[in-house]
$ cat final.txt   # compact mmCIF, C-alpha atoms
# COMPACT_ATOMS: atom_id res chain seq x y z
CA MET L 835 -40.27 6.02 -27.94
CA ILE L 836 -39.87 8.93 -25.52
CA THR L 837 -41.65 12.23 -26.06
CA LEU L 838 -40.18 15.23 -24.25
CA TYR L 839 -42.62 18.05 -23.56
CA HIS L 840 -40.37 21.05 -23.83
CA HIS L 841 -40.25 24.81 -23.84
CA PRO L 842 -36.99 26.45 -24.99
CA LYS L 843 -34.65 27.86 -22.33
CA THR L 844 -36.46 26.33 -19.36
CA ARG L 845 -35.94 23.45 -16.95
CA SER L 846 -36.81 21.07 -19.80
CA SER L 847 -33.74 22.04 -21.89
CA ARG L 848 -31.49 19.88 -19.74
CA PHE L 849 -33.48 16.79 -20.66
CA ILE L 850 -32.51 17.18 -24.30
CA PHE L 851 -28.95 17.09 -22.92
CA LEU L 852 -29.73 13.90 -20.98
CA LEU L 853 -31.51 12.21 -23.90
CA GLU L 854 -28.51 13.02 -26.09
CA GLU L 855 -26.18 11.49 -23.48
CA LEU L 856 -28.32 8.36 -23.41
CA GLU L 857 -28.58 8.15 -27.20
CA ALA L 858 -32.23 7.32 -26.62
CA PRO L 859 -34.88 7.53 -29.32
CA TYR L 860 -36.99 10.61 -28.62
CA THR L 861 -39.04 13.37 -30.12
CA ILE L 862 -39.45 16.89 -28.82
CA LYS L 863 -42.96 18.24 -28.50
CA LEU L 864 -42.89 22.01 -28.04
CA VAL L 865 -45.52 23.24 -25.58
CA THR L 866 -46.45 26.63 -24.18
CA VAL L 867 -46.05 27.32 -20.45
CA ARG L 868 -47.11 29.99 -17.99
CA ARG L 869 -44.14 32.30 -17.47
CA ALA L 870 -43.13 34.00 -14.23
CA ASP L 871 -43.96 37.36 -15.83
CA GLY L 872 -47.60 36.31 -16.35
CA THR L 873 -47.38 35.66 -20.09
CA GLY L 874 -48.02 32.31 -21.73
CA ALA L 875 -50.61 29.65 -21.00
CA ILE L 876 -50.84 26.01 -20.03
CA ASP L 877 -50.76 23.77 -23.09
CA PRO L 878 -53.48 21.10 -23.13
CA ALA L 879 -51.09 18.78 -24.96
CA ASN L 880 -48.77 18.71 -21.92
CA PRO L 881 -49.47 15.71 -19.61
CA HIS L 882 -48.00 17.51 -16.56
CA PRO L 883 -50.84 18.07 -14.05
CA HIS L 884 -49.83 21.70 -13.53
CA GLY L 885 -48.90 22.37 -17.14
CA LYS L 886 -45.19 22.67 -16.37
CA VAL L 887 -42.12 21.43 -18.14
CA PRO L 888 -40.33 19.11 -18.21
CA ALA L 889 -42.58 16.11 -18.63
CA ILE L 890 -42.00 13.02 -20.72
CA SER L 891 -44.20 10.23 -21.93
CA ASP L 892 -43.03 6.74 -22.67
CA ASP L 893 -45.53 4.83 -24.79
CA GLY L 894 -48.29 6.93 -23.30
CA ALA L 895 -47.22 6.86 -19.63
CA ALA L 896 -46.32 10.29 -18.26
CA VAL L 897 -43.35 10.98 -16.00
CA TYR L 898 -42.58 14.40 -14.54
CA GLU L 899 -40.46 16.12 -11.87
CA SER L 900 -36.81 16.40 -12.92
CA PRO L 901 -35.33 13.82 -10.49
CA ALA L 902 -38.02 11.29 -11.49
CA ILE L 903 -37.44 11.83 -15.22
CA ALA L 904 -33.66 11.53 -14.80
CA LEU L 905 -33.97 8.28 -12.85
CA TYR L 906 -36.62 6.84 -15.15
CA LEU L 907 -34.57 7.55 -18.28
CA THR L 908 -31.23 6.25 -17.00
CA ASP L 909 -32.90 3.03 -15.85
CA ARG L 910 -34.73 2.73 -19.16
CA PHE L 911 -31.63 3.38 -21.29
CA PRO L 912 -28.69 1.96 -19.31
CA LYS L 913 -26.23 1.27 -22.16
CA ASN L 914 -24.12 4.43 -21.81
CA GLY L 915 -23.81 4.11 -18.03
CA ILE L 916 -25.20 7.58 -17.28
CA GLY L 917 -26.91 6.39 -14.09
CA PRO L 918 -25.84 3.59 -11.70
CA VAL L 919 -28.36 0.76 -11.95
CA VAL L 920 -29.94 -1.24 -9.11
CA GLY L 921 -27.21 -3.27 -7.41
CA ASP L 922 -24.39 -0.83 -8.31
CA ALA L 923 -22.54 0.50 -5.22
CA LYS L 924 -23.21 4.05 -6.49
CA ARG L 925 -26.98 3.55 -6.67
CA GLY L 926 -27.51 4.90 -3.13
CA PRO L 927 -25.50 8.11 -3.66
CA TYR L 928 -27.11 8.53 -7.09
CA LEU L 929 -30.63 8.40 -5.64
CA SER L 930 -29.61 10.68 -2.77
CA TRP L 931 -28.19 13.33 -5.12
CA LEU L 932 -31.26 13.18 -7.38
CA ALA L 933 -33.67 13.56 -4.46
CA TYR L 934 -31.48 16.25 -2.89
CA TYR L 935 -31.79 18.27 -6.09
CA GLY L 936 -35.61 18.44 -5.93
CA ASP L 937 -36.24 18.75 -2.24
CA VAL L 938 -33.16 20.59 -1.00
CA LEU L 939 -31.24 22.46 -3.70
CA GLU L 940 -34.21 23.97 -5.56
CA PRO L 941 -36.20 25.02 -2.46
CA SER L 942 -33.05 26.42 -0.82
CA PHE L 943 -32.44 28.62 -3.88
CA MET L 944 -36.08 29.69 -3.85
CA SER L 945 -36.03 30.38 -0.14
CA LYS L 946 -32.95 32.55 -0.60
CA PHE L 947 -34.35 34.26 -3.70
CA LEU L 948 -37.64 35.13 -1.97
CA ASN L 949 -35.74 36.11 1.17
CA THR L 950 -37.82 33.73 3.29
CA PRO L 951 -35.40 31.81 5.50
CA VAL L 952 -36.79 28.87 7.47
CA PRO L 953 -35.68 27.98 10.99
CA ARG L 954 -33.90 24.66 11.43
CA GLY L 955 -36.32 21.78 11.92
CA THR L 956 -39.24 23.41 10.09
CA ALA L 957 -38.42 22.55 6.49
CA GLY L 958 -37.05 19.60 4.58
CA TRP L 959 -34.20 21.67 3.19
CA ALA L 960 -31.19 23.53 4.61
CA PRO L 961 -30.00 27.12 4.08
CA LEU L 962 -28.41 27.68 0.65
CA GLU L 963 -25.00 28.43 2.20
CA GLU L 964 -24.95 25.05 3.92
CA VAL L 965 -26.19 23.28 0.79
CA MET L 966 -23.52 24.89 -1.40
CA GLU L 967 -20.84 24.09 1.17
CA HIS L 968 -21.76 20.40 0.86
CA VAL L 969 -21.81 20.56 -2.95
CA ILE L 970 -18.51 22.46 -3.16
CA LYS L 971 -16.81 20.03 -0.79
CA THR L 972 -18.01 17.10 -2.91
CA LEU L 973 -16.82 18.72 -6.14
CA THR L 974 -13.48 19.68 -4.62
CA ASP L 975 -12.85 16.06 -3.74
CA SER L 976 -13.99 14.57 -7.08
CA PRO L 977 -14.79 15.78 -10.61
CA TYR L 978 -18.43 14.65 -10.54
CA LEU L 979 -21.07 14.25 -7.82
CA LEU L 980 -20.70 10.48 -7.83
CA GLY L 981 -16.91 10.49 -8.06
CA GLU L 982 -14.95 9.88 -11.22
CA LYS L 983 -17.89 9.28 -13.50
CA PHE L 984 -20.43 11.69 -15.04
CA SER L 985 -24.11 10.87 -14.33
CA ALA L 986 -27.60 12.28 -14.85
CA ALA L 987 -27.25 13.92 -11.42
CA ASP L 988 -24.59 16.14 -13.00
CA VAL L 989 -27.01 17.05 -15.79
CA LEU L 990 -29.33 18.56 -13.16
CA TYR L 991 -26.70 20.28 -11.00
CA ALA L 992 -24.33 21.56 -13.69
CA THR L 993 -27.10 23.11 -15.79
CA THR L 994 -28.60 24.74 -12.69
CA PHE L 995 -25.25 26.16 -11.62
CA GLY L 996 -24.62 27.25 -15.20
CA MET L 997 -27.92 29.14 -15.14
CA PHE L 998 -27.31 30.74 -11.72
CA GLY L 999 -23.58 31.18 -12.28
CA ALA L 1000 -23.68 34.97 -12.46
CA SER L 1001 -26.21 35.39 -9.65
CA PRO L 1002 -25.04 36.94 -6.37
CA MET L 1003 -26.77 33.99 -4.67
CA MET L 1004 -24.07 31.66 -5.99
CA PRO L 1005 -20.89 31.55 -3.94
CA LYS L 1006 -17.74 32.10 -6.01
CA SER L 1007 -15.99 28.77 -6.24
CA PRO L 1008 -13.30 27.52 -8.62
CA ALA L 1009 -14.54 23.96 -7.99
CA ILE L 1010 -18.03 24.89 -9.25
CA GLU L 1011 -16.68 26.88 -12.19
CA SER L 1012 -14.54 24.01 -13.43
CA TYR L 1013 -17.42 21.58 -12.80
CA ILE L 1014 -19.79 23.62 -14.97
CA LYS L 1015 -17.18 23.80 -17.70
CA ARG L 1016 -16.39 20.06 -17.50
CA CYS L 1017 -20.06 19.09 -17.80
CA LEU L 1018 -21.17 21.63 -20.37
CA GLU L 1019 -18.31 21.04 -22.76
CA ARG L 1020 -19.62 17.54 -23.39
CA PRO L 1021 -20.64 16.95 -27.02
CA ALA L 1022 -24.15 15.94 -25.94
CA TYR L 1023 -24.66 19.39 -24.42
CA ALA L 1024 -23.72 21.10 -27.69
CA ARG L 1025 -26.09 18.83 -29.62
CA ALA L 1026 -28.84 19.62 -27.10
CA GLN L 1027 -28.28 23.36 -27.41
CA ALA L 1028 -28.67 23.06 -31.17
CA LYS L 1029 -32.05 21.37 -30.67
CA ASP L 1030 -33.38 23.61 -27.93
CA ASN L 1031 -35.77 25.47 -30.21
CA GLY L 1032 -37.32 22.16 -31.26
CA MET R 590 -27.64 -5.00 7.43
CA ILE R 591 -29.74 -1.83 7.42
CA THR R 592 -29.34 0.91 10.02
CA LEU R 593 -31.88 3.71 10.19
CA TYR R 594 -30.81 7.02 11.72
CA HIS R 595 -34.04 8.10 13.33
CA ALA R 596 -35.55 10.71 15.62
CA PRO R 597 -38.97 9.96 17.18
CA ARG R 598 -41.91 11.92 15.74
CA SER R 599 -39.93 13.30 12.81
CA ARG R 600 -39.64 12.75 9.07
CA SER R 601 -37.78 9.52 9.77
CA SER R 602 -40.87 7.96 11.38
CA SER R 603 -42.15 7.20 7.87
CA ILE R 604 -39.01 5.20 7.20
CA VAL R 605 -39.65 3.01 10.28
CA TRP R 606 -42.99 2.25 8.64
CA LEU R 607 -41.29 1.58 5.29
CA LEU R 608 -38.81 -0.81 6.93
CA GLU R 609 -41.65 -2.66 8.63
CA GLU R 610 -43.36 -3.01 5.24
CA LEU R 611 -40.09 -4.29 3.79
CA GLY R 612 -39.79 -7.09 6.33
CA GLU R 613 -35.97 -7.00 6.46
CA THR R 614 -33.92 -6.92 9.66
CA TYR R 615 -32.82 -3.42 10.65
CA ASN R 616 -31.44 -1.41 13.54
CA ILE R 617 -32.70 1.94 14.73
CA GLU R 618 -30.02 4.40 15.74
CA ILE R 619 -31.70 7.20 17.69
CA THR R 620 -30.18 10.46 16.44
CA PRO R 621 -30.62 13.89 18.03
CA ILE R 622 -32.18 16.63 15.89
CA VAL R 623 -33.58 20.11 16.44
CA TYR R 624 -37.37 19.93 16.13
CA GLY R 625 -39.52 22.62 14.50
CA ASP R 626 -40.45 24.14 17.86
CA GLY R 627 -36.77 24.57 18.73
CA HIS R 628 -36.39 21.75 21.22
CA GLY R 629 -33.81 19.02 20.85
CA SER R 630 -30.16 19.28 19.93
CA THR R 631 -28.03 18.83 16.83
CA ALA R 632 -26.26 15.53 16.23
CA PRO R 633 -22.52 15.29 16.89
CA GLU R 634 -20.22 16.47 14.09
CA SER R 635 -19.30 12.84 13.36
CA TYR R 636 -22.86 12.32 12.06
CA ARG R 637 -22.12 14.65 9.13
CA ARG R 638 -20.45 11.76 7.29
CA ILE R 639 -23.91 10.10 7.26
CA HIS R 640 -25.99 13.22 6.51
CA PRO R 641 -24.38 16.47 5.26
CA HIS R 642 -26.84 18.64 7.20
CA LYS R 643 -27.08 16.35 10.23
CA LYS R 644 -30.75 15.60 9.57
CA VAL R 645 -32.83 12.45 9.65
CA PRO R 646 -33.68 10.13 8.05
CA ALA R 647 -30.62 8.47 6.61
CA ILE R 648 -29.88 4.79 6.21
CA ASP R 649 -26.76 2.73 5.98
CA HIS R 650 -27.11 -0.47 3.99
CA ASP R 651 -23.96 -2.62 4.08
CA GLY R 652 -21.82 0.52 4.10
CA VAL R 653 -23.81 2.49 1.51
CA THR R 654 -25.37 5.68 2.88
CA VAL R 655 -28.64 6.95 1.45
CA PHE R 656 -30.54 10.04 2.58
CA GLU R 657 -33.65 12.00 1.55
CA CYS R 658 -36.91 10.09 2.10
CA ALA R 659 -37.71 9.67 -1.59
CA ALA R 660 -34.22 8.31 -2.29
CA ILE R 661 -34.46 5.89 0.64
CA ALA R 662 -37.87 4.66 -0.52
CA LEU R 663 -36.63 4.14 -4.09
CA TYR R 664 -33.45 2.48 -2.92
CA LEU R 665 -35.08 0.02 -0.51
CA GLY R 666 -38.05 -0.77 -2.76
CA ASP R 667 -35.69 -1.76 -5.59
CA ALA R 668 -33.07 -3.47 -3.40
CA PHE R 669 -35.68 -5.79 -1.83
CA PRO R 670 -38.15 -6.47 -4.63
CA LYS R 671 -39.85 -9.41 -2.96
CA ALA R 672 -41.61 -7.00 -0.58
CA GLY R 673 -43.56 -5.80 -3.63
CA LEU R 674 -43.33 -2.14 -2.65
CA ALA R 675 -41.93 -0.93 -5.98
CA PRO R 676 -43.10 -1.60 -9.54
CA ALA R 677 -40.11 -3.08 -11.38
CA LEU R 678 -38.38 -1.48 -14.34
CA GLY R 679 -40.53 -2.16 -17.38
CA ASP R 680 -43.76 -2.25 -15.34
CA LYS R 681 -46.27 0.32 -16.66
CA ARG R 682 -46.57 1.70 -13.15
CA ARG R 683 -42.86 2.52 -12.86
CA GLY R 684 -43.33 6.02 -14.32
CA PRO R 685 -46.13 7.05 -11.95
CA TYR R 686 -44.19 5.49 -9.06
CA VAL R 687 -40.98 7.49 -9.54
CA THR R 688 -43.06 10.56 -10.39
CA TRP R 689 -45.06 10.44 -7.15
CA LEU R 690 -41.95 9.94 -5.03
CA ALA R 691 -40.34 12.97 -6.66
CA TYR R 692 -43.58 14.96 -6.48
CA TRP R 693 -43.90 14.22 -2.78
CA ALA R 694 -40.35 15.49 -2.24
CA GLY R 695 -40.14 18.35 -4.71
CA VAL R 696 -43.69 19.70 -4.62
CA MET R 697 -45.84 18.51 -1.69
CA ASN R 698 -43.20 19.20 0.94
CA PRO R 699 -41.99 22.62 -0.21
CA VAL R 700 -45.51 23.95 -0.93
CA ALA R 701 -46.68 22.80 2.49
CA THR R 702 -43.78 24.68 4.09
CA ALA R 703 -44.40 27.72 1.88
CA LYS R 704 -48.10 27.71 2.77
CA PHE R 705 -47.41 27.28 6.45
CA ARG R 706 -44.92 30.15 6.42
CA GLY R 707 -47.09 32.44 4.34
CA TRP R 708 -45.10 32.72 1.11
CA ASP R 709 -47.23 30.39 -0.95
CA LYS R 710 -47.92 32.10 -4.27
CA GLU R 711 -47.70 31.45 -7.96
CA GLY R 712 -44.53 32.95 -9.26
CA PRO R 713 -40.96 32.01 -9.86
CA THR R 714 -41.00 28.85 -7.75
CA GLY R 715 -40.71 25.51 -9.48
CA PHE R 716 -43.19 23.95 -7.17
CA GLY R 717 -46.37 26.00 -7.71
CA THR R 718 -49.10 26.67 -5.17
CA PHE R 719 -50.55 24.64 -2.35
CA ASP R 720 -54.08 24.73 -3.81
CA GLU R 721 -52.87 23.41 -7.14
CA MET R 722 -51.08 20.53 -5.39
CA GLU R 723 -54.05 19.83 -3.13
CA SER R 724 -56.54 19.61 -5.95
CA PHE R 725 -54.25 17.23 -7.86
CA LEU R 726 -53.70 15.08 -4.76
CA SER R 727 -57.40 14.77 -3.96
CA SER R 728 -58.40 14.03 -7.56
CA THR R 729 -55.68 11.37 -7.81
CA LEU R 730 -56.92 9.65 -4.65
CA GLU R 731 -60.48 9.86 -5.89
CA SER R 732 -59.57 7.87 -8.99
CA HIS R 733 -57.92 4.92 -7.23
CA PRO R 734 -57.42 3.61 -3.67
CA TYR R 735 -53.63 4.09 -3.60
CA ILE R 736 -51.56 6.92 -4.97
CA ILE R 737 -50.45 5.18 -8.17
CA GLY R 738 -53.32 2.76 -8.61
CA GLU R 739 -54.93 -0.34 -7.17
CA SER R 740 -52.08 -1.50 -4.94
CA PHE R 741 -50.00 -0.15 -2.09
CA THR R 742 -46.40 0.95 -2.84
CA ALA R 743 -43.58 2.73 -1.04
CA ALA R 744 -45.00 5.98 -2.45
CA ASP R 745 -48.03 5.50 -0.17
CA VAL R 746 -45.77 5.43 2.88
CA LEU R 747 -44.57 8.95 2.07
CA VAL R 748 -47.80 10.38 0.69
CA GLY R 749 -49.82 8.68 3.45
CA GLY R 750 -47.45 10.09 6.05
CA ALA R 751 -47.87 13.60 4.62
CA VAL R 752 -51.67 13.34 4.40
CA GLY R 753 -51.76 12.18 8.03
CA PHE R 754 -49.44 14.97 9.12
CA PHE R 755 -51.32 17.80 7.35
CA LYS R 756 -54.87 16.45 7.62
CA ASP R 757 -56.17 18.67 10.38
CA THR R 758 -53.97 21.66 9.60
CA LEU R 759 -53.16 22.58 6.00
CA LEU R 760 -55.40 20.14 4.13
CA PRO R 761 -59.13 20.87 3.75
CA LYS R 762 -61.52 18.33 5.19
CA ARG R 763 -62.30 15.75 2.51
CA LYS R 764 -63.70 12.26 2.76
CA VAL R 765 -61.12 11.06 0.24
CA TYR R 766 -58.31 11.85 2.73
CA ASP R 767 -60.11 10.15 5.63
CA ASP R 768 -60.69 7.03 3.54
CA TYR R 769 -57.12 6.93 2.26
CA LEU R 770 -55.67 7.40 5.72
CA ALA R 771 -57.89 4.69 7.16
CA ARG R 772 -56.77 2.34 4.39
CA VAL R 773 -53.04 2.90 4.90
CA SER R 774 -53.14 3.25 8.71
CA GLU R 775 -54.76 -0.09 9.33
CA ARG R 776 -51.79 -1.88 7.80
CA PRO R 777 -50.04 -4.06 10.42
CA ALA R 778 -46.64 -2.62 9.43
CA ARG R 779 -47.93 0.88 10.19
CA GLN R 780 -49.08 -0.24 13.62
CA ARG R 781 -45.75 -1.94 14.36
CA ALA R 782 -43.90 1.19 13.26
CA LEU R 783 -45.88 3.40 15.63
CA ALA R 784 -44.97 1.07 18.49
CA LYS R 785 -41.27 1.30 17.57
CA ASP R 786 -41.10 5.04 16.97
CA ASN R 787 -39.33 5.72 20.25
CA GLY R 788 -36.59 3.27 19.31

$ encode --input "final.txt" --output "structure tokens"
Amino acid sequence: MITLYHHPKTRSSRFIFLLEELEAPYTIKLVTVRRADGTGAIDPANPHPHGKVPAISDDGAAVYESPAIALYLTDRFPKNGIGPVVGDAKRGPYLSWLAYYGDVLEPSFMSKFLNTPVPRGTAGWAPLEEVMEHVIKTLTDSPYLLGEKFSAADVLYATTFGMFGASPMMPKSPAIESYIKRCLERPAYARAQAKDNG
Amino acid sequence: MITLYHAPRSRSSSIVWLLEELGETYNIEITPIVYGDGHGSTAPESYRRIHPHKKVPAIDHDGVTVFECAAIALYLGDAFPKAGLAPALGDKRRGPYVTWLAYWAGVMNPVATAKFRGWDKEGPTGFGTFDEMESFLSSTLESHPYIIGESFTAADVLVGGAVGFFKDTLLPKRKVYDDYLARVSERPARQRALAKDNG
């Protein structure tokens, strides 16, 4: 049984979406978190070492960091084919897109948001413009990041783009707009939204 | 066949080490990059089909391209299980293993850059502060000899590489780091990798 440590309308909401896609057995444990505005507090019930969400536990073993949770869950619950398994030709691109989310896409957004650009060669990520160019090119060529088939990588990217959609940081792109729509109109997303408050 | 796109003394050096640990045949393709101090040059445009930002490392395994260190480590550890670098699916250590690879990529690296560049602070970032990471890293290494427990895994290649890289700069002096580095550095694969770093 999977327990999702969750706070409504945060980075953990997308894992309800993923768990619904996987049709995995899970329970939601609502926890408090420190908010960017200084309110809230770390919840001692949360196994995340920094008190953040998302985190999951699987029979007592904690997993955290969004790319790790996505990979762990799709390997653990493979029946719906939401993540290419070991030996699948798409496994390499799948792992690359998951890792790229955590160490390139998120820091590049943050770097842009905080207006702290980094010279080439000094950071593990690239400027947001270059990152989005790569993403847009991929999504212009195919409906999902891995090609014709939806995966947990799309859960991470589509929900992030959905959240930042109106931000001036996001380039206007019909490919991204239709991608967000395609991913978020899935029935599992609607079920997840209905459960977001726990 | 595995090809590693590599630049000496860069983030891809860890993957030379990983490949030596793996014990599979591989080629090194020396790839130009721009280093942090501005020297070097960017790879030819044709390299963009391997890496979208023309960075290293990237690997090609029988026509499949994988990039991002954590992805490469996960991919190779699972593709070649007999090397024993990755707890298998169903192993109790699988959760900590994937977590540490993602934490290395999504927290340790960005907070180190943020700290180095002076914008390390608690706030809207997903990755938190350097001090928070550092205290978690040192307490984890105090509780067992390797990052996820009693045995060496591919996660130690990345975490060990980072501890070695930041030891005398961003990281405070702690015996736990010296001991950990000594433990991972004395591995024969690490020594072979250092000798091959120039290609």

$ residues_around --input "final.txt" --residues "Gly926 in chain L" --least-positions-apart "6" --cutoff "12 Å" --atoms "all atoms listed in the file" --output "MDAnalysis selection string"
(chainID L and resid 917:920 932:933 980) or (chainID R and resid 647:668)

$ interface_residues --input "final.txt" --of "chain L" --to "chain R" --cutoff "7 Å" --atoms "all atoms listed in the file" --output "VMD selection string"
chain L and resid 870 895 to 899 901 to 902 906 920 926 to 927 929 to 930 933 to 934 936 to 937 941 944 954 to 957 968

$ residues_around --input "final.txt" --residues "Phe995 in chain L" --least-positions-apart "2" --cutoff "10 Å" --atoms "all atoms listed in the file" --output "ChimeraX atom specification"
/L:990-993,997-1001,1004,1010-1011,1013-1014

$ atom_distance --input "final.txt" --atom1 "CA of Thr873 in chain L" --atom2 "CA of Tyr860 in chain L"
28.4 Å

$ residues_around --input "final.txt" --residues "Thr861 in chain L" --least-positions-apart "6" --cutoff "7 Å" --atoms "only C-alpha atoms" --output "PyMOL selection string"
chain L and resi 836-838

$ residues_around --input "final.txt" --residues "Ala1024 in chain L" --least-positions-apart "6" --cutoff "12 Å" --atoms "only C-alpha atoms" --output "ChimeraX atom specification"
/L:847-848,850-852,854-855,1017-1018,1030

$ residues_around --input "final.txt" --residues "Met835 in chain L" --least-positions-apart "6" --cutoff "9 Å" --atoms "all atoms listed in the file" --output "PDB file with C-alpha atoms, keeping the file's coordinate frame"
ATOM      1  CA  ALA L 858     -32.230   7.320 -26.620  1.00  0.00           C
ATOM      2  CA  PRO L 859     -34.880   7.530 -29.320  1.00  0.00           C
ATOM      3  CA  TYR L 860     -36.990  10.610 -28.620  1.00  0.00           C
ATOM      4  CA  THR L 861     -39.040  13.370 -30.120  1.00  0.00           C
ATOM      5  CA  SER L 891     -44.200  10.230 -21.930  1.00  0.00           C
ATOM      6  CA  ASP L 892     -43.030   6.740 -22.670  1.00  0.00           C
ATOM      7  CA  ASP L 893     -45.530   4.830 -24.790  1.00  0.00           C
TER       8      ASP L 893
END

$ decode --input "final.txt" --residues "range 595-659 of chain R" --atoms "C-alpha atoms" --output "compact mmCIF listing (two decimals), in the first residue's frame"
# COMPACT_ATOMS: atom_id res chain seq x y z
CA HIS R 595 32.83 12.87 -22.41
CA ALA R 596 34.90 15.96 -21.67
CA PRO R 597 37.90 15.57 -19.33
CA ARG R 598 37.48 17.03 -15.82
CA SER R 599 33.75 17.64 -16.22
CA ARG R 600 30.49 16.14 -15.00
CA SER R 601 31.03 13.25 -17.39
CA SER R 602 34.13 12.10 -15.47
CA SER R 603 31.79 10.42 -12.96
CA ILE R 604 30.30 8.38 -15.77
CA VAL R 605 33.76 7.05 -16.75
CA TRP R 606 33.94 5.83 -13.16
CA LEU R 607 30.44 4.35 -13.40
CA LEU R 608 31.34 2.51 -16.62
CA GLU R 609 34.47 1.12 -15.00
CA GLU R 610 32.33 -0.13 -12.10
CA LEU R 611 29.94 -1.69 -14.61
CA GLY R 612 32.67 -3.73 -16.30
CA GLU R 613 31.10 -3.53 -19.78
CA THR R 614 32.99 -2.58 -22.94
CA TYR R 615 32.59 1.07 -23.89
CA ASN R 616 34.06 3.79 -26.07
CA ILE R 617 34.88 7.31 -24.99
CA GLU R 618 34.04 10.00 -27.52
CA ILE R 619 35.83 13.17 -26.44
CA THR R 620 33.35 16.02 -26.88
CA PRO R 621 34.15 19.74 -26.70
CA ILE R 622 32.33 21.80 -24.05
CA VAL R 623 32.63 25.28 -22.57
CA TYR R 624 34.04 24.95 -19.05
CA GLY R 625 32.93 27.08 -16.08
CA ASP R 626 35.93 29.41 -16.44
CA GLY R 627 34.99 30.12 -20.06
CA HIS R 628 37.65 28.05 -21.80
CA GLY R 629 36.82 25.37 -24.32
CA SER R 630 34.38 25.45 -27.20
CA THR R 631 30.86 24.24 -27.90
CA ALA R 632 30.31 20.94 -29.66
CA PRO R 633 29.33 20.95 -33.35
CA GLU R 634 25.62 21.41 -34.10
CA SER R 635 25.41 17.73 -35.10
CA TYR R 636 25.93 16.82 -31.43
CA ARG R 637 22.53 18.32 -30.57
CA ARG R 638 20.86 15.08 -31.69
CA ILE R 639 22.70 13.41 -28.78
CA HIS R 640 22.24 16.19 -26.19
CA PRO R 641 19.72 19.03 -26.70
CA HIS R 642 21.98 21.58 -25.01
CA LYS R 643 25.25 20.15 -26.34
CA LYS R 644 26.44 19.19 -22.86
CA VAL R 645 28.12 16.13 -21.42
CA PRO R 646 27.62 13.46 -20.29
CA ALA R 647 25.41 11.54 -22.67
CA ILE R 648 25.57 7.90 -23.65
CA ASP R 649 24.49 5.90 -26.63
CA HIS R 650 23.63 2.29 -25.90
CA ASP R 651 22.84 0.30 -29.06
CA GLY R 652 21.21 3.37 -30.59
CA VAL R 653 19.37 4.57 -27.47
CA THR R 654 20.52 7.97 -26.22
CA VAL R 655 20.40 8.76 -22.52
CA PHE R 656 21.51 12.00 -20.87
CA GLU R 657 21.50 13.58 -17.39
CA CYS R 658 23.82 11.81 -14.93
CA ALA R 659 21.05 10.43 -12.73
